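Asks: File follows, my_file18.tsv with TSV, C-alpha atoms and all ligand atoms:
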```tsv
chain	number	residue	atom	x	y	z
A	20	MET	CA	97.35	71.19	63.56
A	21	SER	CA	98.78	72.81	60.41
A	22	SER	CA	98.63	69.68	58.26
A	23	LYS	CA	99.97	69.71	54.72
A	24	PRO	CA	97.50	68.92	51.92
A	25	LEU	CA	97.63	65.39	50.55
A	26	PRO	CA	99.37	63.92	48.74
A	27	ILE	CA	102.66	64.87	50.37
A	28	LEU	CA	105.14	64.98	47.51
A	29	PRO	CA	108.90	64.34	47.15
A	30	GLY	CA	110.99	67.12	48.67
A	31	ALA	CA	108.97	67.03	51.91
A	32	THR	CA	110.43	65.65	55.15
A	33	LEU	CA	109.03	62.45	56.64
A	34	GLY	CA	109.65	61.28	60.19
A	35	ILE	CA	109.93	57.87	61.76
A	36	LEU	CA	109.80	56.82	65.39
A	37	GLY	CA	112.34	54.05	65.88
A	38	GLY	CA	115.68	53.48	64.22
A	39	GLY	CA	115.94	49.72	63.73
A	40	GLN	CA	116.09	47.81	60.45
A	41	LEU	CA	112.46	48.50	59.57
A	42	GLY	CA	113.09	52.22	60.00
A	43	ARG	CA	116.24	51.88	57.92
A	44	MET	CA	114.41	50.26	55.01
A	45	PHE	CA	111.65	52.89	55.24
A	46	THR	CA	114.34	55.59	55.18
A	47	ILE	CA	116.02	54.08	52.12
A	48	ALA	CA	112.68	53.82	50.28
A	49	ALA	CA	111.69	57.39	51.17
A	50	ARG	CA	115.06	58.86	50.17
A	51	THR	CA	115.02	56.88	46.92
A	52	MET	CA	111.73	58.61	46.15
A	53	GLY	CA	113.18	62.04	46.92
A	54	TYR	CA	111.87	62.65	50.44
A	55	LYS	CA	114.03	63.78	53.34
A	56	VAL	CA	113.89	61.64	56.47
A	57	MET	CA	114.21	62.44	60.16
A	58	VAL	CA	114.64	59.50	62.55
A	59	LEU	CA	113.93	59.63	66.29
A	60	ASP	CA	115.89	56.98	68.17
A	61	PRO	CA	118.03	57.16	71.32
A	62	ASP	CA	120.76	54.87	69.92
A	63	ALA	CA	123.67	56.76	68.32
A	64	ALA	CA	124.46	53.73	66.10
A	65	SER	CA	120.87	53.03	65.03
A	66	PRO	CA	120.51	51.32	61.62
A	67	ALA	CA	118.01	53.94	60.40
A	68	GLY	CA	119.95	56.87	61.85
A	69	GLN	CA	122.88	55.96	59.57
A	70	MET	CA	120.66	56.46	56.52
A	71	ALA	CA	118.61	59.46	57.61
A	72	ASP	CA	119.07	63.13	56.75
A	73	VAL	CA	118.65	63.93	60.43
A	74	HIS	CA	118.93	61.61	63.42
A	75	LEU	CA	117.34	62.97	66.60
A	76	ARG	CA	118.97	61.08	69.45
A	77	ALA	CA	116.30	61.15	72.12
A	78	ASP	CA	113.76	58.99	73.86
A	79	TYR	CA	110.40	58.29	72.14
A	80	ALA	CA	108.61	60.12	74.93
A	81	ASP	CA	110.90	63.20	74.96
A	82	HIS	CA	108.50	66.15	74.55
A	83	GLU	CA	111.11	68.51	73.11
A	84	ALA	CA	112.24	65.93	70.52
A	85	LEU	CA	108.64	65.08	69.56
A	86	LYS	CA	107.95	68.78	69.03
A	87	ARG	CA	111.03	69.16	66.83
A	88	LEU	CA	110.09	66.07	64.83
A	89	GLY	CA	106.46	67.13	64.43
A	90	GLU	CA	107.37	70.66	63.35
A	91	ALA	CA	110.02	69.54	60.84
A	92	CYS	CA	107.98	66.76	59.22
A	93	ALA	CA	104.97	66.73	56.92
A	94	ALA	CA	104.08	63.26	58.26
A	95	VAL	CA	105.41	60.78	60.80
A	96	THR	CA	105.12	57.01	61.05
A	97	THR	CA	106.53	54.34	63.32
A	98	GLU	CA	108.60	51.21	62.85
A	99	PHE	CA	107.68	49.41	66.05
A	100	GLU	CA	104.64	48.88	68.23
A	101	ASN	CA	106.22	49.81	71.52
A	102	VAL	CA	106.29	53.56	70.94
A	103	PRO	CA	104.07	55.14	73.57
A	104	ALA	CA	100.63	55.77	72.06
A	105	ALA	CA	100.84	59.11	73.91
A	106	SER	CA	103.79	60.12	71.69
A	107	LEU	CA	101.68	59.55	68.57
A	108	ILE	CA	98.92	61.72	70.05
A	109	GLU	CA	101.46	64.43	70.87
A	110	LEU	CA	102.88	64.32	67.34
A	111	ALA	CA	99.42	64.53	65.82
A	112	ASN	CA	99.20	68.08	67.23
A	113	HIS	CA	101.89	69.05	64.72
A	114	CYS	CA	101.62	66.87	61.62
A	115	ARG	CA	99.97	63.90	59.95
A	116	VAL	CA	100.58	60.63	61.86
A	117	SER	CA	99.88	57.14	60.59
A	118	PRO	CA	99.12	54.63	61.96
A	119	GLY	CA	96.92	56.35	64.55
A	120	ALA	CA	97.38	56.06	68.30
A	121	ASP	CA	94.11	54.11	68.75
A	122	ALA	CA	95.17	51.20	66.55
A	123	VAL	CA	98.69	51.11	68.00
A	124	ALA	CA	97.31	51.13	71.58
A	125	ILE	CA	95.26	48.01	70.81
A	126	VAL	CA	97.97	45.95	69.16
A	127	GLN	CA	100.91	46.93	71.39
A	128	ASP	CA	99.38	45.08	74.32
A	129	ARG	CA	98.65	41.36	73.86
A	130	SER	CA	95.73	41.43	76.31
A	131	HIS	CA	94.04	44.29	74.45
A	132	GLU	CA	94.87	42.72	71.10
A	133	LYS	CA	93.49	39.26	71.99
A	134	SER	CA	90.36	40.75	73.58
A	135	TRP	CA	89.79	42.99	70.55
A	136	LEU	CA	90.20	40.03	68.17
A	137	ALA	CA	87.75	37.89	70.14
A	138	GLN	CA	85.20	40.74	70.42
A	139	ASN	CA	85.41	41.29	66.68
A	140	GLY	CA	84.81	37.65	65.84
A	141	PHE	CA	88.32	36.60	64.77
A	142	ALA	CA	89.41	33.06	65.66
A	143	THR	CA	92.51	32.92	67.90
A	144	ALA	CA	94.28	30.27	69.97
A	145	PRO	CA	92.38	29.72	73.24
A	146	PHE	CA	93.56	32.34	75.71
A	147	ALA	CA	93.08	33.74	79.21
A	148	LEU	CA	94.11	37.13	80.57
A	149	VAL	CA	96.40	36.92	83.58
A	150	TYR	CA	96.81	39.78	86.05
A	151	SER	CA	97.51	37.75	89.20
A	152	GLU	CA	98.63	34.26	90.21
A	153	GLY	CA	94.97	33.53	91.00
A	154	ASP	CA	94.07	34.01	87.30
A	155	LEU	CA	96.52	31.27	86.34
A	156	ASP	CA	94.54	28.40	87.89
A	157	ALA	CA	91.34	29.28	86.04
A	158	GLY	CA	93.41	30.07	82.95
A	159	MET	CA	95.14	26.69	82.89
A	160	ALA	CA	91.77	25.00	83.34
A	161	ASP	CA	90.39	27.00	80.39
A	162	VAL	CA	93.19	26.72	77.84
A	163	GLY	CA	94.59	23.31	78.85
A	164	ALA	CA	98.18	22.08	78.89
A	165	PRO	CA	100.69	22.63	77.46
A	166	ALA	CA	100.27	26.40	77.32
A	167	LEU	CA	102.38	29.48	76.63
A	168	LEU	CA	102.56	32.31	79.11
A	169	LYS	CA	103.38	35.55	77.27
A	170	VAL	CA	103.99	38.98	78.76
A	171	ALA	CA	101.35	41.43	77.51
A	172	ARG	CA	103.83	44.19	76.65
A	173	PHE	CA	107.31	44.48	75.15
A	174	GLY	CA	107.70	40.80	74.20
A	175	TYR	CA	109.20	40.06	70.78
A	176	ASP	CA	110.83	37.24	68.84
A	177	GLY	CA	109.89	34.64	71.47
A	178	LYS	CA	111.22	36.80	74.34
A	179	GLY	CA	108.92	37.14	77.35
A	180	GLN	CA	107.34	33.74	76.62
A	181	ALA	CA	107.47	30.49	78.59
A	182	ARG	CA	106.03	27.10	77.81
A	183	VAL	CA	104.25	25.69	80.85
A	184	ASN	CA	102.73	22.27	81.54
A	185	THR	CA	101.35	22.62	85.04
A	186	ARG	CA	99.89	25.29	87.34
A	187	GLU	CA	103.13	25.25	89.31
A	188	GLU	CA	105.18	25.91	86.18
A	189	ALA	CA	102.77	28.67	85.20
A	190	ARG	CA	103.15	30.32	88.61
A	191	ALA	CA	106.95	30.05	88.44
A	192	ALA	CA	106.96	31.64	84.95
A	193	PHE	CA	104.62	34.43	86.10
A	194	ARG	CA	106.99	35.22	88.98
A	195	GLU	CA	109.93	35.09	86.56
A	196	PHE	CA	108.11	37.82	84.58
A	197	ASP	CA	107.82	39.85	87.83
A	198	GLY	CA	104.05	39.46	87.90
A	199	GLN	CA	103.55	41.65	84.80
A	200	PRO	CA	100.16	41.32	83.06
A	201	CYS	CA	100.29	38.29	80.75
A	202	VAL	CA	98.25	36.27	78.30
A	203	LEU	CA	98.08	32.51	78.75
A	204	GLU	CA	97.62	30.76	75.40
A	205	GLY	CA	96.75	27.17	74.65
A	206	PHE	CA	99.53	25.51	72.66
A	207	VAL	CA	98.29	24.99	69.12
A	208	LYS	CA	99.45	22.04	67.01
A	209	LEU	CA	100.57	24.08	64.02
A	210	GLU	CA	100.32	22.76	60.49
A	211	ARG	CA	101.79	25.98	59.14
A	212	GLU	CA	102.12	29.67	59.82
A	213	VAL	CA	101.22	32.29	57.23
A	214	SER	CA	101.05	36.07	57.18
A	215	VAL	CA	99.57	38.87	55.13
A	216	VAL	CA	101.17	42.30	54.82
A	217	LEU	CA	98.81	44.98	53.56
A	218	ALA	CA	98.41	48.70	53.27
A	219	ARG	CA	95.20	50.63	53.88
A	220	SER	CA	94.68	54.17	52.61
A	221	ASP	CA	92.78	57.08	54.19
A	222	ALA	CA	89.89	56.27	51.88
A	223	GLY	CA	89.80	52.69	53.21
A	224	LYS	CA	91.28	51.08	50.10
A	225	CYS	CA	93.45	48.04	50.79
A	226	ALA	CA	96.38	46.67	48.78
A	227	LEU	CA	97.43	43.20	49.91
A	228	PHE	CA	100.77	41.55	49.27
A	229	PRO	CA	100.76	37.83	48.45
A	230	VAL	CA	100.45	35.46	51.44
A	231	ALA	CA	103.79	34.35	52.94
A	232	GLU	CA	104.38	30.96	54.51
A	233	ASN	CA	106.62	31.37	57.54
A	234	ARG	CA	108.85	29.01	59.47
A	235	HIS	CA	110.14	29.98	62.89
A	236	GLU	CA	113.11	28.70	64.90
A	237	ASN	CA	113.06	29.36	68.66
A	238	GLY	CA	110.23	31.85	68.23
A	239	ILE	CA	112.16	33.89	65.60
A	240	LEU	CA	111.23	33.97	61.91
A	241	ASP	CA	113.70	31.84	59.97
A	242	VAL	CA	112.32	31.52	56.44
A	243	SER	CA	109.39	32.98	54.47
A	244	ILE	CA	108.26	31.23	51.29
A	245	VAL	CA	106.12	32.95	48.64
A	246	PRO	CA	103.76	31.89	47.18
A	247	ALA	CA	102.73	30.09	50.37
A	248	ARG	CA	102.20	26.39	49.79
A	249	VAL	CA	98.59	26.36	50.99
A	250	PRO	CA	95.28	25.77	49.18
A	251	GLU	CA	94.08	28.77	47.18
A	252	SER	CA	90.93	28.94	49.33
A	253	LEU	CA	92.98	29.24	52.53
A	254	ALA	CA	95.20	31.96	51.03
A	255	HIS	CA	92.06	33.85	49.95
A	256	GLN	CA	90.56	33.50	53.41
A	257	ALA	CA	93.78	34.81	55.04
A	258	CYS	CA	93.64	37.88	52.79
A	259	GLU	CA	89.99	38.53	53.59
A	260	MET	CA	90.59	38.16	57.33
A	261	ALA	CA	93.58	40.53	57.17
A	262	ARG	CA	91.52	43.07	55.23
A	263	ASP	CA	88.72	42.73	57.78
A	264	VAL	CA	91.17	43.33	60.67
A	265	ALA	CA	92.50	46.49	58.95
A	266	ASN	CA	88.98	47.77	58.23
A	267	LYS	CA	87.70	47.11	61.75
A	268	LEU	CA	90.76	48.85	63.23
A	269	GLY	CA	90.18	51.81	60.87
A	270	TYR	CA	93.87	51.40	60.12
A	271	VAL	CA	95.87	53.72	57.83
A	272	GLY	CA	99.35	52.56	56.82
A	273	VAL	CA	101.17	49.26	56.38
A	274	MET	CA	100.38	46.42	58.77
A	275	ALA	CA	100.78	42.65	59.01
A	276	VAL	CA	98.54	39.90	60.30
A	277	GLU	CA	100.19	36.64	61.35
A	278	PHE	CA	98.12	33.47	61.34
A	279	PHE	CA	98.38	29.93	62.66
A	280	VAL	CA	97.00	27.15	60.47
A	281	ALA	CA	95.67	24.22	62.51
A	282	ASP	CA	93.23	21.54	61.31
A	283	GLY	CA	93.01	23.44	58.03
A	284	ARG	CA	91.65	26.52	59.85
A	285	LEU	CA	93.12	29.98	60.34
A	286	MET	CA	93.63	31.64	63.72
A	287	VAL	CA	94.99	35.15	64.09
A	288	ASN	CA	98.23	35.08	66.11
A	289	GLU	CA	99.41	38.68	66.02
A	290	ILE	CA	98.89	42.04	64.37
A	291	ALA	CA	101.89	44.29	63.68
A	292	PRO	CA	101.17	48.01	63.08
A	293	ARG	CA	104.11	48.39	60.67
A	294	PRO	CA	105.95	46.60	57.86
A	295	HIS	CA	106.88	43.07	58.91
A	296	ASN	CA	109.84	40.72	58.71
A	297	SER	CA	107.69	38.28	56.73
A	298	GLY	CA	107.23	41.04	54.11
A	299	HIS	CA	110.95	41.48	53.39
A	300	TYR	CA	110.54	39.26	50.34
A	301	THR	CA	108.68	42.17	48.69
A	302	LEU	CA	111.95	44.13	48.49
A	303	ASP	CA	113.12	42.04	45.55
A	304	ALA	CA	110.08	40.07	44.41
A	305	CYS	CA	107.21	42.56	44.06
A	306	VAL	CA	106.47	45.58	41.86
A	307	THR	CA	106.20	47.71	45.01
A	308	ASP	CA	107.90	46.73	48.26
A	309	GLN	CA	106.36	47.10	51.71
A	310	PHE	CA	108.53	50.14	52.58
A	311	GLU	CA	107.66	52.09	49.44
A	312	GLN	CA	104.07	51.19	50.28
A	313	GLN	CA	104.56	52.63	53.78
A	314	VAL	CA	105.80	55.87	52.20
A	315	ARG	CA	102.84	55.92	49.80
A	316	ALA	CA	100.25	55.29	52.53
A	317	LEU	CA	101.86	57.87	54.82
A	318	CYS	CA	101.96	60.51	52.08
A	319	GLY	CA	98.42	59.86	50.85
A	320	LEU	CA	99.69	58.71	47.45
A	321	PRO	CA	97.87	55.96	45.52
A	322	LEU	CA	98.99	52.55	46.83
A	323	GLY	CA	101.50	50.70	44.64
A	324	ASP	CA	101.01	47.47	42.70
A	325	THR	CA	101.69	44.49	45.00
A	326	ARG	CA	102.08	41.92	42.22
A	327	LEU	CA	104.61	39.12	42.76
A	328	LEU	CA	107.24	39.14	39.98
A	329	SER	CA	109.00	35.93	41.01
A	330	PRO	CA	108.67	33.07	43.50
A	331	VAL	CA	110.95	33.83	46.44
A	332	ALA	CA	112.31	32.53	49.73
A	333	MET	CA	113.55	34.99	52.38
A	334	VAL	CA	116.04	33.91	55.06
A	335	ASN	CA	116.87	35.91	58.19
A	336	ILE	CA	120.56	36.25	59.06
A	337	LEU	CA	120.96	36.20	62.84
A	338	GLY	CA	123.95	37.26	64.92
A	339	ASP	CA	124.72	33.60	65.65
A	340	ARG	CA	126.38	33.45	62.20
A	341	TRP	CA	129.19	35.72	63.36
A	342	GLN	CA	130.51	33.05	65.71
A	343	ASP	CA	133.12	30.67	64.30
A	344	GLY	CA	134.68	32.93	61.69
A	345	GLY	CA	131.69	34.97	60.52
A	346	PRO	CA	129.35	34.62	57.53
A	347	HIS	CA	130.78	33.43	54.21
A	348	TRP	CA	129.47	36.24	52.05
A	349	ASN	CA	131.38	35.05	48.97
A	350	THR	CA	129.37	31.81	48.94
A	351	LEU	CA	126.10	33.72	49.13
A	352	LEU	CA	127.05	36.42	46.65
A	353	SER	CA	128.29	33.94	44.06
A	354	HIS	CA	124.62	33.24	43.26
A	355	PRO	CA	123.24	35.82	40.82
A	356	ASN	CA	119.66	35.17	41.98
A	357	ILE	CA	120.31	35.98	45.66
A	358	LYS	CA	119.84	39.50	47.03
A	359	LEU	CA	121.61	40.40	50.28
A	360	HIS	CA	120.34	43.04	52.73
A	361	LEU	CA	122.45	43.93	55.79
A	362	TYR	CA	121.24	46.37	58.44
A	363	GLY	CA	124.49	48.07	59.50
A	364	LYS	CA	124.39	46.74	63.07
A	365	GLN	CA	127.79	46.92	64.69
A	366	THR	CA	127.43	44.18	67.29
A	367	ALA	CA	126.35	40.66	66.42
A	368	ARG	CA	124.58	38.85	69.24
A	369	PRO	CA	122.90	35.43	69.09
A	370	GLY	CA	119.28	35.88	68.03
A	371	ARG	CA	119.85	39.47	66.80
A	372	LYS	CA	118.55	40.16	63.29
A	373	MET	CA	121.58	41.39	61.32
A	374	GLY	CA	120.16	41.11	57.82
A	375	HIS	CA	118.31	38.84	55.42
A	376	PHE	CA	118.61	37.51	51.90
A	377	ASN	CA	116.05	36.81	49.21
A	378	VAL	CA	116.39	33.91	46.79
A	379	LEU	CA	114.44	34.35	43.54
A	380	ASP	CA	113.82	31.21	41.55
A	381	ALA	CA	111.52	29.52	39.06
A	382	ASP	CA	109.23	28.17	41.78
A	383	ALA	CA	108.88	28.39	45.55
A	384	GLY	CA	110.31	24.87	46.04
A	385	ALA	CA	113.52	25.67	44.14
A	386	ALA	CA	113.88	29.02	45.95
A	387	LEU	CA	113.45	27.29	49.33
A	388	GLN	CA	115.97	24.60	48.45
A	389	LEU	CA	118.71	27.11	47.56
A	390	ALA	CA	117.74	29.30	50.53
A	391	GLU	CA	118.20	26.43	52.98
A	392	GLN	CA	121.44	25.38	51.32
A	393	MET	CA	122.81	28.94	51.61
A	394	ARG	CA	121.56	29.37	55.19
A	395	ASP	CA	123.48	26.25	56.19
A	396	ALA	CA	126.59	27.27	54.19
A	397	LEU	CA	126.77	30.81	55.58
B	1	LIG	P1	104.65	35.21	68.93
B	1	LIG	O1	105.77	36.12	69.37
B	1	LIG	O2	103.53	35.18	69.90
B	1	LIG	O3	104.22	35.45	67.52
B	1	LIG	O4	105.30	33.74	68.94
B	1	LIG	C1	106.42	33.41	68.14
B	1	LIG	C2	106.24	32.02	67.54
B	1	LIG	O5	106.07	31.04	68.59
B	1	LIG	C3	105.01	31.86	66.68
B	1	LIG	O6	105.24	32.34	65.38
B	1	LIG	C4	104.83	30.35	66.73
B	1	LIG	O7	105.78	29.68	65.92
B	1	LIG	C5	105.14	30.04	68.18
B	1	LIG	N1	103.89	30.15	68.99
B	1	LIG	C6	103.44	31.26	69.61
B	1	LIG	N2	102.26	31.04	70.21
B	1	LIG	C7	101.93	29.74	69.98
B	1	LIG	C8	100.83	28.92	70.35
B	1	LIG	N3	99.81	29.37	71.10
B	1	LIG	N4	100.83	27.63	69.92
B	1	LIG	C9	101.87	27.16	69.17
B	1	LIG	N5	102.94	27.88	68.80
B	1	LIG	C10	102.98	29.17	69.19
```
What does the file become when written as structure tokens?

Replies:
Amino acid sequence: MSSKPLPILPGATLGILGGGQLGRMFTIAARTMGYKVMVLDPDAASPAGQMADVHLRADYADHEALKRLGEACAAVTTEFENVPAASLIELANHCRVSPGADAVAIVQDRSHEKSWLAQNGFATAPFALVYSEGDLDAGMADVGAPALLKVARFGYDGKGQARVNTREEARAAFREFDGQPCVLEGFVKLEREVSVVLARSDAGKCALFPVAENRHENGILDVSIVPARVPESLAHQACEMARDVANKLGYVGVMAVEFFVADGRLMVNEIAPRPHNSGHYTLDACVTDQFEQQVRALCGLPLGDTRLLSPVAMVNILGDRWQDGGPHWNTLLSHPNIKLHLYGKQTARPGRKMGHFNVLDADAGAALQLAEQMRDAL
């Protein structure tokens, strides 16, 4: 590998696997800082492709495209966990790649992720690995009812998940998922959900963004509130657990750890090897946002200051809003303390993330109140 010396400075070309909204915001951050960006994504209308210097329209496993990307770029990162770990290994023959294939291979498969968490001493919801219908009976006995059956790979935003109350329902759901490997999880009575987005450098230094409190609707993030309304000790513990996850994974780059809070205790729900939807508040409310931080970690630059400049509430704008006459942007934009981010997606479908907005206010309660009012008025 002919890797460039670190830090990689403005003027160099950076690459990203995946052209969705996370790739788009990475591209904007990198170009703002003077880097050139090459995006690999098969979709001609990809949100990141629209912003990139070069859009390679090819599959993530296309050897020719990976070679072109690796040879043109000083460093390559990814915006989603489902890129084949093999593609990251292939790219690493040409240029710097972060995060590494090993970490991505663990977290892109729920069975590996849950097993890794348990082996490394992190509390999770009770779970059982399911490879056959036979595993479901023992699994239901272990985790109890109700439970959630989740496909191990390629599930997102509540897709590939089914709530099951009996063995029969579990078997029916497993068949519905075509017998793919799954994880069966005990249903946790959630008090709250929180997350921590962080960056870890090559030298193992971590910079953590403030803890976000997250509310989901139908398995999709609806609102993030920062600072999270949890005891200081719990927020501290979430940060330390997230740091511990990053250290034990030997992670380099930006990642997120999502937690459940139940009975005042934290359980790790998921790890994302990339910037995260619950970190979009950083775009307007922190000294450094999570995408600039991704650029910094990728380029081997010192990590930026993650300080919160203002309490904030972030609201996702889903495709559902385009039904019945479309979103009322004038209502939203009439508020000087609301920042709108749209992702350039041409087709609005129910459940599809089209954009988000951040409400900055004197305290988290006031920000949440206006955020909810605007979400309902949109
Ligand atoms: P996931 O895609 O696994 O993060 O699930 C999406 C959302 O579904 C979570 O953020 C929770 O709101 C809910 N959820 C997932 N797993 C569980 C569980 N075991 N118990 C209770 N709620 C859950």

Asks: Hey, can you check how far atom CA of Val162 of chain A sits from atom CA of Gln256 of chain A?

Replies: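 Answer for the atom CA of Val162 of chain A to atom CA of Gln256 of chain A separation: 25.5 Å.
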
Asks: Which residue gives the smallest distance to Glu98 of chain A among A:Gly283, A:Gly34, A:Gly140, A:Gly345, with only C-alpha atoms counted?

Replies: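 Closest to Glu98 of chain A, using only C-alpha atoms: A:Gly34.
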
Asks: Which residues of chain A come within 9 Å of ligand LIG 1 (chain B), and for each one, what is the closest pair of atoms and their distance in Å to one decimal, counting all atoms listed in the file, sorted by chain and residue number, as a tab-separated table?

Replies:
```
residue	atom	partner	partner_atom	distance
A:Arg129	CA	B:LIG1	O2	8.8
A:Thr143	CA	B:LIG1	N3	8.7
A:Ala144	CA	B:LIG1	N3	5.7
A:Pro145	CA	B:LIG1	N3	7.7
A:Phe146	CA	B:LIG1	N3	8.3
A:Ala166	CA	B:LIG1	N3	6.9
A:Leu167	CA	B:LIG1	N3	6.1
A:Leu168	CA	B:LIG1	N3	9.0
A:Lys169	CA	B:LIG1	O2	7.4
A:Gly174	CA	B:LIG1	O1	7.0
A:Tyr175	CA	B:LIG1	O1	5.4
A:Asp176	CA	B:LIG1	O1	5.2
A:Gly177	CA	B:LIG1	O1	4.9
A:Lys178	CA	B:LIG1	O1	7.4
A:Gly179	CA	B:LIG1	O1	8.6
A:Gln180	CA	B:LIG1	O1	7.8
A:Leu203	CA	B:LIG1	N3	8.4
A:Glu204	CA	B:LIG1	N3	5.0
A:Gly205	CA	B:LIG1	N3	5.2
A:Phe206	CA	B:LIG1	N4	3.7
A:Val207	CA	B:LIG1	N4	3.7
A:Lys208	CA	B:LIG1	C9	6.1
A:Leu209	CA	B:LIG1	C9	6.1
A:Arg211	CA	B:LIG1	O7	8.7
A:Glu212	CA	B:LIG1	O6	6.9
A:Asn233	CA	B:LIG1	O6	8.0
A:Arg234	CA	B:LIG1	O7	7.2
A:His235	CA	B:LIG1	O7	5.3
A:Glu236	CA	B:LIG1	O7	7.5
A:Asn237	CA	B:LIG1	O5	7.2
A:Gly238	CA	B:LIG1	C2	4.1
A:Ile239	CA	B:LIG1	C1	6.3
A:Leu240	CA	B:LIG1	O6	7.1
A:Glu277	CA	B:LIG1	O3	7.5
A:Phe278	CA	B:LIG1	O6	8.3
A:Phe279	CA	B:LIG1	C4	7.6
A:Asn288	CA	B:LIG1	O3	6.2
A:Glu289	CA	B:LIG1	O3	6.0
```

Asks: Save the residues we just selected, C-alpha atoms, as a CSV table (one decimal), in the frame of the given file?

Replies:
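What follows is the written file out03.csv:
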```csv
chain,number,residue,atom,x,y,z
A,129,ARG,CA,98.6,41.4,73.9
A,143,THR,CA,92.5,32.9,67.9
A,144,ALA,CA,94.3,30.3,70.0
A,145,PRO,CA,92.4,29.7,73.2
A,146,PHE,CA,93.6,32.3,75.7
A,166,ALA,CA,100.3,26.4,77.3
A,167,LEU,CA,102.4,29.5,76.6
A,168,LEU,CA,102.6,32.3,79.1
A,169,LYS,CA,103.4,35.6,77.3
A,174,GLY,CA,107.7,40.8,74.2
A,175,TYR,CA,109.2,40.1,70.8
A,176,ASP,CA,110.8,37.2,68.8
A,177,GLY,CA,109.9,34.6,71.5
A,178,LYS,CA,111.2,36.8,74.3
A,179,GLY,CA,108.9,37.1,77.4
A,180,GLN,CA,107.3,33.7,76.6
A,203,LEU,CA,98.1,32.5,78.8
A,204,GLU,CA,97.6,30.8,75.4
A,205,GLY,CA,96.8,27.2,74.6
A,206,PHE,CA,99.5,25.5,72.7
A,207,VAL,CA,98.3,25.0,69.1
A,208,LYS,CA,99.4,22.0,67.0
A,209,LEU,CA,100.6,24.1,64.0
A,211,ARG,CA,101.8,26.0,59.1
A,212,GLU,CA,102.1,29.7,59.8
A,233,ASN,CA,106.6,31.4,57.5
A,234,ARG,CA,108.8,29.0,59.5
A,235,HIS,CA,110.1,30.0,62.9
A,236,GLU,CA,113.1,28.7,64.9
A,237,ASN,CA,113.1,29.4,68.7
A,238,GLY,CA,110.2,31.8,68.2
A,239,ILE,CA,112.2,33.9,65.6
A,240,LEU,CA,111.2,34.0,61.9
A,277,GLU,CA,100.2,36.6,61.4
A,278,PHE,CA,98.1,33.5,61.3
A,279,PHE,CA,98.4,29.9,62.7
A,288,ASN,CA,98.2,35.1,66.1
A,289,GLU,CA,99.4,38.7,66.0
```

Asks: Excluding Gly153 of chain A and any residue of its chain fewer than 3 positions from it, enumerate the residues within 12 Å of it, using all atoms listed in the file, and give them as number ranges by chain.

Replies: A: 147-150, 156-160, 186-187, 189-190, 193, 198

Asks: Using all atoms listed in the file, can you tell me which of A:Ala265, A:Val216, A:Leu285, A:Cys318 comes closest to Pro29 of chain A?

Replies: A:Cys318

Asks: Can you tell me which residues surround Tyr54 of chain A at a distance of at most 8 Å, considering all atoms listed in the file, apart from same-chain residues fewer than 5 positions away, and format the answer as a PyMOL selection string?

Replies: chain A and resi 28-33+49

Asks: List the spatial neighbours of Pro103 of chain A as a PyMOL selection string - criterion: any atom at most 8 Å away, all atoms listed in the file, same-chain residues fewer than 4 positions off excluded.

Replies: chain A and resi 79-80+107

Asks: Any idea what the distance is between atom CA of Ala64 of chain A and atom CA of Gly338 of chain A?

Replies: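 A separation of 16.5 Å between them.
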
Asks: Using all atoms listed in the file, find the one residue out of A:Arg340, A:His375, A:His354, A:His113 that sits nearest to Val242 of chain A.

Replies: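 The shortest atom-to-atom distance to Val242 of chain A comes from A:His375.
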
Asks: Between atom CA of Ile336 of chain A and atom CA of Leu397 of chain A, what is the spacing in Å?

Replies: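 Calculated distance between atom CA of Leu397 of chain A and atom CA of Ile336 of chain A is 9.0 Å.
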
Asks: Around (115.5, 56.2, 65.6) in the file's frame, which residues reach within 9 Å when counting all atoms listed in the file? Return as a ChimeraX atom specification?

Replies: /A:35-39,42-43,57-63,65-68,74-79,98
